[in-house]
file protein11.cif (mmCIF, C-alpha atoms)
data_my_file
loop_
_atom_site.group_PDB
_atom_site.id
_atom_site.type_symbol
_atom_site.label_atom_id
_atom_site.label_comp_id
_atom_site.auth_asym_id
_atom_site.auth_seq_id
_atom_site.Cartn_x
_atom_site.Cartn_y
_atom_site.Cartn_z
ATOM 1 C CA MET A 865 21.071 -145.065 -37.362
ATOM 2 C CA LEU A 866 24.516 -146.495 -36.738
ATOM 3 C CA THR A 867 24.788 -150.179 -37.582
ATOM 4 C CA GLY A 868 28.447 -150.875 -36.892
ATOM 5 C CA LYS A 869 29.645 -150.495 -40.503
ATOM 6 C CA GLU A 870 30.761 -146.972 -39.557
ATOM 7 C CA ILE A 871 33.192 -148.165 -36.888
ATOM 8 C CA LEU A 872 36.827 -147.721 -37.842
ATOM 9 C CA THR A 873 39.154 -150.631 -37.199
ATOM 10 C CA ASP A 874 42.648 -150.640 -35.751
ATOM 11 C CA GLY A 875 45.132 -149.268 -38.243
ATOM 12 C CA HIS A 876 42.952 -146.377 -39.410
ATOM 13 C CA PRO A 877 45.001 -143.187 -38.816
ATOM 14 C CA ASN A 878 42.092 -141.261 -37.223
ATOM 15 C CA LEU A 879 42.059 -143.684 -34.280
ATOM 16 C CA ARG A 880 45.483 -142.281 -33.338
ATOM 17 C CA LYS A 881 44.581 -138.590 -33.604
ATOM 18 C CA ARG A 882 43.545 -136.260 -30.799
ATOM 19 C CA ALA A 883 39.906 -135.196 -31.087
ATOM 20 C CA ALA A 884 38.872 -131.529 -30.974
ATOM 21 C CA ALA A 885 36.664 -130.044 -28.263
ATOM 22 C CA VAL A 886 32.986 -129.581 -29.055
ATOM 23 C CA THR A 887 31.842 -125.958 -28.824
ATOM 24 C CA MET A 888 29.128 -125.372 -26.227
ATOM 25 C CA PRO A 889 26.225 -125.143 -26.624
ATOM 26 C CA PRO A 890 26.410 -128.151 -28.949
ATOM 27 C CA SER A 891 25.009 -127.986 -32.454
ATOM 28 C CA GLU A 892 21.940 -130.014 -33.360
ATOM 29 C CA GLU A 893 24.172 -132.126 -35.613
ATOM 30 C CA ASP A 894 26.551 -132.958 -32.737
ATOM 31 C CA LYS A 895 23.621 -133.728 -30.432
ATOM 32 C CA GLY A 896 22.155 -136.013 -33.085
ATOM 33 C CA THR A 897 25.458 -137.840 -33.573
ATOM 34 C CA LEU A 898 25.883 -138.343 -29.840
ATOM 35 C CA ALA A 899 22.314 -139.639 -29.500
ATOM 36 C CA GLU A 900 22.971 -142.097 -32.358
ATOM 37 C CA MET A 901 26.135 -143.310 -30.620
ATOM 38 C CA LEU A 902 24.180 -144.075 -27.449
ATOM 39 C CA GLU A 903 21.389 -145.738 -29.432
ATOM 40 C CA PHE A 904 23.992 -147.910 -31.172
ATOM 41 C CA LEU A 905 25.374 -149.134 -27.827
ATOM 42 C CA ILE A 906 21.888 -149.999 -26.586
ATOM 43 C CA ASN A 907 21.154 -151.827 -29.851
ATOM 44 C CA SER A 908 24.523 -153.626 -29.815
ATOM 45 C CA GLN A 909 23.566 -155.284 -26.538
ATOM 46 C CA ASN A 910 20.436 -156.722 -28.187
ATOM 47 C CA PRO A 911 21.510 -160.180 -29.463
ATOM 48 C CA GLU A 912 19.197 -160.013 -32.509
ATOM 49 C CA PHE A 913 20.537 -156.602 -33.593
ATOM 50 C CA ALA A 914 24.146 -157.670 -32.986
ATOM 51 C CA GLU A 915 23.715 -160.839 -35.034
ATOM 52 C CA MET A 916 21.854 -159.063 -37.848
ATOM 53 C CA HIS A 917 24.632 -156.472 -38.208
ATOM 54 C CA GLY A 918 27.553 -158.774 -37.371
ATOM 55 C CA ILE A 919 28.753 -156.707 -34.435
ATOM 56 C CA ARG A 920 29.977 -157.364 -30.933
ATOM 57 C CA PRO A 921 28.124 -155.825 -28.016
ATOM 58 C CA GLY A 922 29.715 -152.633 -26.714
ATOM 59 C CA ILE A 923 29.417 -150.606 -23.528
ATOM 60 C CA GLY A 924 31.272 -147.516 -24.767
ATOM 61 C CA LEU A 925 31.844 -145.647 -28.007
ATOM 62 C CA ALA A 926 33.919 -142.555 -28.815
ATOM 63 C CA ALA A 927 33.297 -140.317 -31.825
ATOM 64 C CA PRO A 928 36.757 -140.980 -33.370
ATOM 65 C CA GLN A 929 35.681 -144.626 -33.692
ATOM 66 C CA ILE A 930 33.028 -143.493 -36.191
ATOM 67 C CA ASN A 931 35.500 -141.175 -37.945
ATOM 68 C CA ILE A 932 34.381 -137.986 -36.199
ATOM 69 C CA LEU A 933 37.333 -136.272 -34.540
ATOM 70 C CA LYS A 934 35.320 -134.559 -31.813
ATOM 71 C CA ARG A 935 35.370 -135.103 -28.046
ATOM 72 C CA MET A 936 32.129 -137.069 -27.691
ATOM 73 C CA ILE A 937 31.550 -140.391 -25.935
ATOM 74 C CA ALA A 938 28.590 -142.610 -25.131
ATOM 75 C CA VAL A 939 28.389 -145.245 -22.395
ATOM 76 C CA TYR A 940 25.659 -147.808 -21.778
ATOM 77 C CA ILE A 941 26.160 -150.376 -19.035
ATOM 78 C CA GLU A 942 23.397 -152.677 -17.869
ATOM 79 C CA VAL A 943 23.446 -153.047 -14.102
ATOM 80 C CA PRO A 944 21.798 -156.092 -12.482
ATOM 81 C CA GLU A 945 18.691 -155.168 -10.477
ATOM 82 C CA SER A 946 19.098 -151.464 -11.234
ATOM 83 C CA GLU A 947 18.618 -148.907 -13.973
ATOM 84 C CA PRO A 948 21.304 -149.035 -16.677
ATOM 85 C CA ILE A 949 24.074 -146.449 -16.674
ATOM 86 C CA SER A 950 23.402 -144.352 -19.753
ATOM 87 C CA LEU A 951 25.696 -141.420 -20.575
ATOM 88 C CA ALA A 952 26.081 -139.215 -23.649
ATOM 89 C CA LEU A 953 28.914 -136.767 -23.012
ATOM 90 C CA PHE A 954 30.672 -133.893 -24.721
ATOM 91 C CA ASN A 955 34.235 -132.916 -23.778
ATOM 92 C CA PRO A 956 34.739 -135.430 -20.942
ATOM 93 C CA ARG A 957 37.927 -135.016 -18.945
ATOM 94 C CA ILE A 958 39.323 -136.700 -15.881
ATOM 95 C CA ILE A 959 39.788 -134.080 -13.167
ATOM 96 C CA SER A 960 40.986 -136.415 -10.411
ATOM 97 C CA HIS A 961 41.648 -140.091 -9.799
ATOM 98 C CA SER A 962 42.558 -142.540 -7.076
ATOM 99 C CA VAL A 963 46.058 -143.808 -6.408
ATOM 100 C CA GLU A 964 44.579 -147.295 -6.312
ATOM 101 C CA LYS A 965 44.347 -149.030 -9.656
ATOM 102 C CA THR A 966 42.217 -151.785 -11.100
ATOM 103 C CA TYR A 967 42.045 -153.965 -14.206
ATOM 104 C CA ILE A 968 39.517 -156.311 -15.764
ATOM 105 C CA THR A 969 40.742 -159.856 -15.065
ATOM 106 C CA SER A 970 39.559 -161.089 -18.480
ATOM 107 C CA GLY A 971 41.175 -158.105 -20.253
ATOM 108 C CA GLU A 972 39.590 -155.252 -22.166
ATOM 109 C CA GLY A 973 38.089 -155.312 -25.615
ATOM 110 C CA CYS A 974 37.201 -152.637 -28.125
ATOM 111 C CA LEU A 975 34.743 -152.325 -31.005
ATOM 112 C CA SER A 976 37.597 -150.920 -33.139
ATOM 113 C CA VAL A 977 40.122 -153.636 -32.267
ATOM 114 C CA GLU A 978 39.334 -156.986 -33.854
ATOM 115 C CA GLN A 979 42.592 -158.685 -32.879
ATOM 116 C CA ASN A 980 42.890 -160.085 -29.362
ATOM 117 C CA TYR A 981 45.527 -158.411 -27.183
ATOM 118 C CA PRO A 982 45.768 -160.499 -24.013
ATOM 119 C CA GLY A 983 46.972 -158.834 -20.854
ATOM 120 C CA PHE A 984 45.947 -156.609 -17.995
ATOM 121 C CA VAL A 985 45.102 -152.978 -18.738
ATOM 122 C CA PRO A 986 45.854 -150.880 -15.652
ATOM 123 C CA ARG A 987 43.220 -148.230 -14.930
ATOM 124 C CA TYR A 988 42.475 -145.974 -11.982
ATOM 125 C CA ALA A 989 39.980 -147.609 -9.615
ATOM 126 C CA LYS A 990 38.076 -144.322 -9.181
ATOM 127 C CA VAL A 991 37.845 -141.240 -11.372
ATOM 128 C CA ARG A 992 36.071 -137.915 -11.275
ATOM 129 C CA VAL A 993 35.056 -136.736 -14.728
ATOM 130 C CA LYS A 994 33.727 -133.351 -15.807
ATOM 131 C CA ALA A 995 31.755 -133.233 -19.027
ATOM 132 C CA ASN A 996 28.789 -131.642 -20.744
ATOM 133 C CA THR A 997 25.534 -133.526 -21.221
ATOM 134 C CA ILE A 998 23.840 -133.889 -24.576
ATOM 135 C CA ASN A 999 22.029 -130.616 -23.765
ATOM 136 C CA GLY A 1000 25.268 -128.820 -22.905
ATOM 137 C CA GLU A 1001 24.926 -128.744 -19.097
ATOM 138 C CA GLU A 1002 28.167 -129.266 -17.188
ATOM 139 C CA ILE A 1003 28.156 -132.291 -14.879
ATOM 140 C CA GLU A 1004 30.614 -134.115 -12.667
ATOM 141 C CA ILE A 1005 30.644 -137.910 -12.503
ATOM 142 C CA HIS A 1006 32.179 -139.867 -9.620
ATOM 143 C CA ALA A 1007 32.883 -143.317 -11.047
ATOM 144 C CA LYS A 1008 34.328 -146.585 -9.825
ATOM 145 C CA GLY A 1009 34.362 -150.154 -11.059
ATOM 146 C CA LEU A 1010 33.322 -150.859 -14.637
ATOM 147 C CA LEU A 1011 32.077 -147.303 -15.217
ATOM 148 C CA ALA A 1012 35.468 -145.851 -14.232
ATOM 149 C CA ILE A 1013 37.236 -148.315 -16.514
ATOM 150 C CA CYS A 1014 34.879 -147.585 -19.413
ATOM 151 C CA LEU A 1015 35.195 -143.810 -19.046
ATOM 152 C CA GLN A 1016 39.002 -144.055 -19.082
ATOM 153 C CA HIS A 1017 38.891 -146.334 -22.142
ATOM 154 C CA GLU A 1018 36.659 -143.914 -24.070
ATOM 155 C CA ILE A 1019 38.568 -140.785 -23.013
ATOM 156 C CA ASP A 1020 41.729 -142.555 -24.211
ATOM 157 C CA HIS A 1021 40.091 -142.832 -27.657
ATOM 158 C CA LEU A 1022 39.685 -139.039 -27.673
ATOM 159 C CA ASN A 1023 43.456 -138.777 -27.212
ATOM 160 C CA GLY A 1024 44.423 -141.338 -29.865
ATOM 161 C CA ILE A 1025 45.215 -144.079 -27.333
ATOM 162 C CA LEU A 1026 44.021 -147.687 -27.664
ATOM 163 C CA TYR A 1027 43.613 -150.007 -24.684
ATOM 164 C CA TYR A 1028 46.469 -152.316 -25.637
ATOM 165 C CA ASP A 1029 48.899 -149.383 -25.409
ATOM 166 C CA HIS A 1030 48.602 -149.780 -21.610
ATOM 167 C CA ILE A 1031 49.464 -153.500 -21.525
ATOM 168 C CA ASN A 1032 52.935 -154.291 -20.210
ATOM 169 C CA LYS A 1033 54.651 -155.737 -23.311
ATOM 170 C CA GLU A 1034 57.293 -157.585 -21.253
ATOM 171 C CA ASN A 1035 54.848 -159.178 -18.808
ATOM 172 C CA PRO A 1036 51.208 -158.769 -19.996
ATOM 173 C CA PHE A 1037 49.751 -160.591 -16.974
ATOM 174 C CA GLY A 1038 52.215 -159.246 -14.426
ATOM 175 C CA GLU A 1039 51.107 -157.879 -11.085
ATOM 176 C CA ILE A 1040 49.979 -154.258 -11.164
ATOM 177 C CA GLU A 1041 51.084 -152.304 -8.119
ATOM 178 C CA PHE A 1042 48.263 -150.899 -5.949
ATOM 179 C CA ALA A 1043 45.649 -152.661 -8.102
ATOM 180 C CA ILE A 1044 42.516 -154.553 -7.170
ATOM 181 C CA PRO A 1045 41.275 -156.927 -9.904
ATOM 182 C CA TYR A 1046 37.815 -156.333 -11.354
ATOM 183 C CA ASP A 1047 35.915 -159.460 -12.426
ATOM 184 C CA ARG A 1048 33.131 -158.803 -14.956
ATOM 185 C CA THR A 1049 31.382 -162.126 -14.333
#
call {"tool": "encode", "arguments": {"input": "protein11.cif", "output": "structure tokens"}}
result
Amino acid sequence: MLTGKEILTDGHPNLRKRAAAVTMPPSEEDKGTLAEMLEFLINSQNPEFAEMHGIRPGIGLAAPQINILKRMIAVYIEVPESEPISLALFNPRIISHSVEKTYITSGEGCLSVEQNYPGFVPRYAKVRVKANTINGEEIEIHAKGLLAICLQHEIDHLNGILYYDHINKENPFGEIEFAIPYDRT
């Protein structure tokens, strides 16, 4: 079981490396790791678990964040008055995206980045992602809103990119062309 101690923090060289594709069908070891990543996200959103392990709640996790340079991500987003969005994906890739952009008005955060980097992180408002499920089946996800933002954030991790790389260094809160703000509250 992942407890958060395994999460690499900013500055670790593996957070800046490109992860390798996972061979399909996935091995039992890779399936187990991906299942643990999803379980960790679910647990991290439990206040008792988070306090016990000294972690922040997370909605997404990429394998490079736990020092595994493979293209695996997990996403768990609680949705009011609906079933949570729960994804465990191998080899996710964006196959198309909107021209329109978005950004979280309060900024993005990351389980691997302890320092605060204020500013808007421009993301595509809608993305289409192809990936393989935990059982190896190919799926296509049409995402918008927080799910689209989260998928882009996690896929960035697979390419050695951290969220603050997208922040405009000259004007962190400057207007983003063709963007509609996303408010998480």
call {"tool": "closest_residue", "arguments": {"input": "protein11.cif", "among": "A:Val993, A:Asn999, A:Ser970, A:Val977", "to": "Phe1037 of chain A", "atoms": "all atoms listed in the file"}}
result
A:Ser970
call {"tool": "atom_distance", "arguments": {"input": "protein11.cif", "atom1": "atom CA of Leu872 of chain A", "atom2": "atom CA of Tyr967 of chain A"}}
result
25.0 Å
call {"tool": "residues_around", "arguments": {"input": "protein11.cif", "residues": "Asn980 of chain A", "least_positions_apart": "3", "cutoff": "12 Å", "atoms": "only C-alpha atoms", "output": "ChimeraX atom specification"}}
result
/A:874,970-977,983,1027-1028
call {"tool": "write_last_selection", "arguments": {"input": "protein11.cif", "atoms": "C-alpha atoms", "output": "short mmCIF file (atom, residue, chain, number, x, y, z; two decimals), in the frame of the given file"}}
result
data_model
loop_
_atom_site.label_atom_id
_atom_site.label_comp_id
_atom_site.auth_asym_id
_atom_site.auth_seq_id
_atom_site.Cartn_x
_atom_site.Cartn_y
_atom_site.Cartn_z
CA ASP A 874 42.65 -150.64 -35.75
CA SER A 970 39.56 -161.09 -18.48
CA GLY A 971 41.18 -158.10 -20.25
CA GLU A 972 39.59 -155.25 -22.17
CA GLY A 973 38.09 -155.31 -25.62
CA CYS A 974 37.20 -152.64 -28.12
CA LEU A 975 34.74 -152.32 -31.00
CA SER A 976 37.60 -150.92 -33.14
CA VAL A 977 40.12 -153.64 -32.27
CA GLY A 983 46.97 -158.83 -20.85
CA TYR A 1027 43.61 -150.01 -24.68
CA TYR A 1028 46.47 -152.32 -25.64
#
call {"tool": "residues_around", "arguments": {"input": "protein11.cif", "residues": "Leu866 of chain A", "least_positions_apart": "5", "cutoff": "12 Å", "atoms": "only C-alpha atoms", "output": "MDAnalysis selection string"}}
result
chainID A and resid 871 896:908 913:914 917 919 925 927 929:930
call {"tool": "atom_distance", "arguments": {"input": "protein11.cif", "atom1": "atom CA of Phe984 of chain A", "atom2": "atom CA of Ala1043 of chain A"}}
result
10.7 Å
call {"tool": "atom_distance", "arguments": {"input": "protein11.cif", "atom1": "atom CA of Arg880 of chain A", "atom2": "atom CA of Leu1026 of chain A"}}
result
8.0 Å
call {"tool": "residues_around", "arguments": {"input": "protein11.cif", "residues": "His1006 of chain A", "least_positions_apart": "2", "cutoff": "8 Å", "atoms": "only C-alpha atoms", "output": "list in words"}}
result
Lys990, Val991, Arg992, Val993, Glu1004 and Lys1008 of chain A
call {"tool": "build_atoms", "arguments": {"input": "protein11.cif", "residues": "segment 961-979 of chain A", "atoms": "N, CA and C atoms", "output": "PDB file, in the frame of the given file"}}
result
ATOM      1  N   HIS A 961      41.717-138.626  -9.797  1.00  0.00           N
ATOM      2  CA  HIS A 961      41.648-140.091  -9.799  1.00  0.00           C
ATOM      3  C   HIS A 961      42.298-140.637  -8.538  1.00  0.00           C
ATOM      4  N   SER A 962      41.988-141.871  -8.244  1.00  0.00           N
ATOM      5  CA  SER A 962      42.558-142.540  -7.076  1.00  0.00           C
ATOM      6  C   SER A 962      43.997-142.945  -7.350  1.00  0.00           C
ATOM      7  N   VAL A 963      44.732-143.201  -6.280  1.00  0.00           N
ATOM      8  CA  VAL A 963      46.058-143.808  -6.408  1.00  0.00           C
ATOM      9  C   VAL A 963      45.874-145.290  -6.742  1.00  0.00           C
ATOM     10  N   GLU A 964      44.881-145.879  -6.098  1.00  0.00           N
ATOM     11  CA  GLU A 964      44.579-147.295  -6.312  1.00  0.00           C
ATOM     12  C   GLU A 964      44.206-147.539  -7.768  1.00  0.00           C
ATOM     13  N   LYS A 965      44.649-148.663  -8.275  1.00  0.00           N
ATOM     14  CA  LYS A 965      44.347-149.030  -9.656  1.00  0.00           C
ATOM     15  C   LYS A 965      43.475-150.273  -9.687  1.00  0.00           C
ATOM     16  N   THR A 966      43.009-150.591 -10.864  1.00  0.00           N
ATOM     17  CA  THR A 966      42.217-151.785 -11.100  1.00  0.00           C
ATOM     18  C   THR A 966      42.486-152.257 -12.522  1.00  0.00           C
ATOM     19  N   TYR A 967      41.966-153.430 -12.840  1.00  0.00           N
ATOM     20  CA  TYR A 967      42.045-153.965 -14.206  1.00  0.00           C
ATOM     21  C   TYR A 967      40.994-155.051 -14.326  1.00  0.00           C
ATOM     22  N   ILE A 968      40.488-155.241 -15.519  1.00  0.00           N
ATOM     23  CA  ILE A 968      39.517-156.311 -15.764  1.00  0.00           C
ATOM     24  C   ILE A 968      40.306-157.608 -15.906  1.00  0.00           C
ATOM     25  N   THR A 969      39.962-158.605 -15.086  1.00  0.00           N
ATOM     26  CA  THR A 969      40.742-159.856 -15.065  1.00  0.00           C
ATOM     27  C   THR A 969      40.719-160.588 -16.407  1.00  0.00           C
ATOM     28  N   SER A 970      39.648-160.432 -17.173  1.00  0.00           N
ATOM     29  CA  SER A 970      39.559-161.089 -18.480  1.00  0.00           C
ATOM     30  C   SER A 970      40.136-160.222 -19.598  1.00  0.00           C
ATOM     31  N   GLY A 971      40.617-159.026 -19.257  1.00  0.00           N
ATOM     32  CA  GLY A 971      41.175-158.105 -20.253  1.00  0.00           C
ATOM     33  C   GLY A 971      40.093-157.206 -20.834  1.00  0.00           C
ATOM     34  N   GLU A 972      40.525-156.174 -21.516  1.00  0.00           N
ATOM     35  CA  GLU A 972      39.590-155.252 -22.166  1.00  0.00           C
ATOM     36  C   GLU A 972      39.417-155.630 -23.628  1.00  0.00           C
ATOM     37  N   GLY A 973      38.341-155.157 -24.189  1.00  0.00           N
ATOM     38  CA  GLY A 973      38.089-155.312 -25.615  1.00  0.00           C
ATOM     39  C   GLY A 973      37.685-153.959 -26.173  1.00  0.00           C
ATOM     40  N   CYS A 974      37.524-153.903 -27.480  1.00  0.00           N
ATOM     41  CA  CYS A 974      37.201-152.637 -28.125  1.00  0.00           C
ATOM     42  C   CYS A 974      36.503-152.920 -29.450  1.00  0.00           C
ATOM     43  N   LEU A 975      35.459-152.149 -29.740  1.00  0.00           N
ATOM     44  CA  LEU A 975      34.743-152.325 -31.005  1.00  0.00           C
ATOM     45  C   LEU A 975      35.636-152.039 -32.214  1.00  0.00           C
ATOM     46  N   SER A 976      36.689-151.249 -32.039  1.00  0.00           N
ATOM     47  CA  SER A 976      37.597-150.920 -33.139  1.00  0.00           C
ATOM     48  C   SER A 976      38.783-151.870 -33.251  1.00  0.00           C
ATOM     49  N   VAL A 977      38.961-152.739 -32.271  1.00  0.00           N
ATOM     50  CA  VAL A 977      40.122-153.636 -32.267  1.00  0.00           C
ATOM     51  C   VAL A 977      39.628-155.072 -32.405  1.00  0.00           C
ATOM     52  N   GLU A 978      39.823-155.635 -33.601  1.00  0.00           N
ATOM     53  CA  GLU A 978      39.334-156.986 -33.854  1.00  0.00           C
ATOM     54  C   GLU A 978      40.304-158.049 -33.353  1.00  0.00           C
ATOM     55  N   GLN A 979      41.581-157.737 -33.348  1.00  0.00           N
ATOM     56  CA  GLN A 979      42.592-158.685 -32.879  1.00  0.00           C
ATOM     57  C   GLN A 979      42.555-158.751 -31.355  1.00  0.00           C
TER      58      GLN A 979
END
